[in-house]
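See structure below.
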Amino acid sequence: MSRVRQLAGGGRAVEVAPERVAGWFDRFAASHGGAARTAVQARRVEVHAADGASASVDVPFGPLPPPHGEQPGLAVRTLVEHLNRPRRIGLVLVRLGAHSVGISYDGKVEQSATDRHLVHGRNKAGGWSQQRFARRREGQSRRSLDAAADAVVRLLLPLRDRLDAVVLGGDKHALESLRADTRLAELLARAEDRVLDVPEPRRAVLDDAARRAIAVEIEVRGADQV
């Protein structure tokens, strides 16, 4: 089942697997009186339907090759071919207390490293007890994030030249901590803009993320978003 999220200001974003993108746009056009025009740019494709609805994709994994510009009707062949090209992707999923790092090819995990680390929750007590708890939790958090960074160093850095892309997932603050690690700065600078929203990382979550990493979000706006 496709993941759907609501967009700020109206509309929805639908996550679509590469092999389903062509059929999805065909159905979108049919539901909205046909496709009037398609604007193809290096980093974005927008399909405008006859009834005013639109469906847009931010292009992942590098720019689309030319020609670019506006074309009549539905013109997503270049996008579909781009999305269906097999890619080897470095995956970094991190939430405080757990991480899962992997390398996937064409949506399937080839190598992985997953671990959990104890990080206590908030302490409701006050005074010195609360301060000691806060220091202990800070230490636990740091060890958890250091372990995640070390896993990325071990698994991804040796193969960085073979990776077509890097996709991140998890908690924003945990990921920012990894970005601050000088060992990972160059690798994580290559990461795709889209960050996957994932639960506590474990191997099953990594397998799902490998499939989602090669999917795209299509933003649908207008004409009741049928």
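Just remember, in the structure tokens the first chain shown is A, the second B, etc., residues are 1-based per chain, and ligands are 1-based in the order shown.
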
ask   = Taking the backbone alone, and naming residues the way the document does, which bits of segment 24-100 of chain A are helix (DSSP H, G or I) by DSSP, as a list in words?
value =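 Those residues are Trp24, Phe25, Asp26, Arg27, Phe28, Ala29, Ala30, Ser31, Arg77, Thr78, Leu79, Val80, Glu81, His82 and Leu83 of chain A.
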
Same residues, C-alpha atoms, output as a PDB file, in the first residue's frame:
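Result written to again-v1.pdb:
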```
ATOM      1  CA  TRP A  24       0.408   6.084 -11.729  1.00  0.00           C
ATOM      2  CA  PHE A  25       0.692   9.042 -14.117  1.00  0.00           C
ATOM      3  CA  ASP A  26      -1.549   7.314 -16.672  1.00  0.00           C
ATOM      4  CA  ARG A  27      -4.236   6.902 -14.009  1.00  0.00           C
ATOM      5  CA  PHE A  28      -3.748  10.473 -12.785  1.00  0.00           C
ATOM      6  CA  ALA A  29      -4.287  11.820 -16.309  1.00  0.00           C
ATOM      7  CA  ALA A  30      -7.338   9.627 -16.871  1.00  0.00           C
ATOM      8  CA  SER A  31      -8.893  10.801 -13.571  1.00  0.00           C
ATOM      9  CA  ARG A  77       9.222   8.738 -20.225  1.00  0.00           C
ATOM     10  CA  THR A  78      12.590  10.310 -19.347  1.00  0.00           C
ATOM     11  CA  LEU A  79      11.644  10.417 -15.670  1.00  0.00           C
ATOM     12  CA  VAL A  80      10.490   6.786 -15.673  1.00  0.00           C
ATOM     13  CA  GLU A  81      13.691   5.591 -17.342  1.00  0.00           C
ATOM     14  CA  HIS A  82      15.772   7.579 -14.853  1.00  0.00           C
ATOM     15  CA  LEU A  83      13.941   6.131 -11.850  1.00  0.00           C
TER      16      LEU A  83
END
```

inquiry  = I want to know what sits within 12 Å of segment 190-203 of chain A, based on only C-alpha atoms, with residues of the same chain fewer than 6 positions away left out; could you give that as a ChimeraX atom specification?
reply    = /A:3,5,15,43,57-62,89-102,108-117,148,160-161,163-172,175-176,179,184,209-217

request  = Just list the residues in segment 1-190 of chain A DSSP gives strand (DSSP E or B) on the backbone, as a PyMOL selection string.
outcome  = chain A and resi 4-6+12-16+35-40+44-49+54-58+69-72+88-95+98-105+108-116+165-170

Residue among A:Ala75, A:Val16, A:Val152, A:Val21 lying closest to Ala35 of chain A, counting only C-alpha atoms = A:Ala75

note = atom CA of Gly11 of chain A sits from atom CA of Arg221 of chain A at a separation of 4.5 Å

key: Spatial neighbours of Asp51 of chain A, 9 Å, only C-alpha atoms, chain gap at least 2 places, as a PyMOL selection string   = chain A and resi 32-36+48-49+53-54+222-223

Can I get the selected residues back with all heavy atoms, as an mmCIF file, in the first residue's frame?
```cif
data_model
loop_
_atom_site.group_PDB
_atom_site.id
_atom_site.type_symbol
_atom_site.label_atom_id
_atom_site.label_comp_id
_atom_site.auth_asym_id
_atom_site.auth_seq_id
_atom_site.Cartn_x
_atom_site.Cartn_y
_atom_site.Cartn_z
ATOM 1 N N HIS A 32 -8.365 13.035 -14.402
ATOM 2 C CA HIS A 32 -8.483 14.489 -14.401
ATOM 3 C C HIS A 32 -8.694 15.064 -15.801
ATOM 4 O O HIS A 32 -8.274 16.172 -16.096
ATOM 5 C CB HIS A 32 -7.244 15.111 -13.756
ATOM 6 C CG HIS A 32 -7.128 14.814 -12.285
ATOM 7 N ND1 HIS A 32 -7.796 15.537 -11.316
ATOM 8 C CD2 HIS A 32 -6.451 13.828 -11.632
ATOM 9 C CE1 HIS A 32 -7.516 15.026 -10.124
ATOM 10 N NE2 HIS A 32 -6.714 13.997 -10.283
ATOM 11 N N GLY A 33 -9.325 14.288 -16.648
ATOM 12 C CA GLY A 33 -9.670 14.795 -17.969
ATOM 13 C C GLY A 33 -8.518 14.830 -18.946
ATOM 14 O O GLY A 33 -8.588 15.510 -19.977
ATOM 15 N N GLY A 34 -7.469 14.128 -18.656
ATOM 16 C CA GLY A 34 -6.305 14.090 -19.541
ATOM 17 C C GLY A 34 -5.205 15.038 -19.072
ATOM 18 O O GLY A 34 -5.440 15.966 -18.302
ATOM 19 N N ALA A 35 -3.994 14.776 -19.536
ATOM 20 C CA ALA A 35 -2.850 15.639 -19.212
ATOM 21 C C ALA A 35 -2.763 16.749 -20.259
ATOM 22 O O ALA A 35 -2.677 16.489 -21.463
ATOM 23 C CB ALA A 35 -1.562 14.827 -19.203
ATOM 24 N N ALA A 36 -2.783 17.996 -19.796
ATOM 25 C CA ALA A 36 -2.704 19.125 -20.721
ATOM 26 C C ALA A 36 -1.264 19.392 -21.145
ATOM 27 O O ALA A 36 -0.986 19.613 -22.328
ATOM 28 C CB ALA A 36 -3.295 20.372 -20.062
ATOM 29 N N HIS A 48 0.472 18.828 -15.574
ATOM 30 C CA HIS A 48 -0.721 19.645 -15.338
ATOM 31 C C HIS A 48 -1.895 19.046 -16.113
ATOM 32 O O HIS A 48 -1.816 18.878 -17.334
ATOM 33 C CB HIS A 48 -0.471 21.085 -15.793
ATOM 34 C CG HIS A 48 0.625 21.752 -15.009
ATOM 35 N ND1 HIS A 48 0.407 22.454 -13.860
ATOM 36 C CD2 HIS A 48 1.978 21.783 -15.228
ATOM 37 C CE1 HIS A 48 1.552 22.909 -13.391
ATOM 38 N NE2 HIS A 48 2.529 22.516 -14.203
ATOM 39 N N ALA A 49 -2.965 18.725 -15.384
ATOM 40 C CA ALA A 49 -4.127 18.081 -15.982
ATOM 41 C C ALA A 49 -5.100 19.105 -16.530
ATOM 42 O O ALA A 49 -5.046 20.301 -16.209
ATOM 43 C CB ALA A 49 -4.816 17.199 -14.946
ATOM 44 N N ALA A 53 -5.707 20.130 -11.940
ATOM 45 C CA ALA A 53 -4.905 19.375 -10.990
ATOM 46 C C ALA A 53 -3.455 19.288 -11.477
ATOM 47 O O ALA A 53 -3.177 19.407 -12.680
ATOM 48 C CB ALA A 53 -5.466 17.974 -10.804
ATOM 49 N N SER A 54 -2.542 19.086 -10.541
ATOM 50 C CA SER A 54 -1.149 18.925 -10.917
ATOM 51 C C SER A 54 -0.515 17.799 -10.110
ATOM 52 O O SER A 54 -0.924 17.508 -8.979
ATOM 53 C CB SER A 54 -0.365 20.220 -10.691
ATOM 54 O OG SER A 54 -0.266 20.510 -9.308
ATOM 55 N N GLY A 222 -4.876 20.133 -6.124
ATOM 56 C CA GLY A 222 -6.001 20.627 -6.931
ATOM 57 C C GLY A 222 -6.968 19.555 -7.372
ATOM 58 O O GLY A 222 -6.714 18.347 -7.271
ATOM 59 N N ALA A 223 -8.112 20.012 -7.877
ATOM 60 C CA ALA A 223 -9.181 19.164 -8.426
ATOM 61 C C ALA A 223 -9.511 17.991 -7.495
ATOM 62 O O ALA A 223 -9.684 16.860 -7.925
ATOM 63 C CB ALA A 223 -8.813 18.659 -9.807
#
```

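Interatomic distance, atom CA of Ile103 of chain A to atom CA of Pro63 of chain A: 22.3 Å.
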
request  = Using atom CA of Asp207 of chain A and atom CA of Gly107 of chain A as the two end points, give the distance in Å to one decimal.
outcome  =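 Answer for the atom CA of Asp207 of chain A to atom CA of Gly107 of chain A separation: 8.1 Å.
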
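Comparing A:Asp181, A:Leu188, A:Leu145, A:Val45 by their smallest distance to Leu64 of chain A, the closest is A:Val45 (using only C-alpha atoms).
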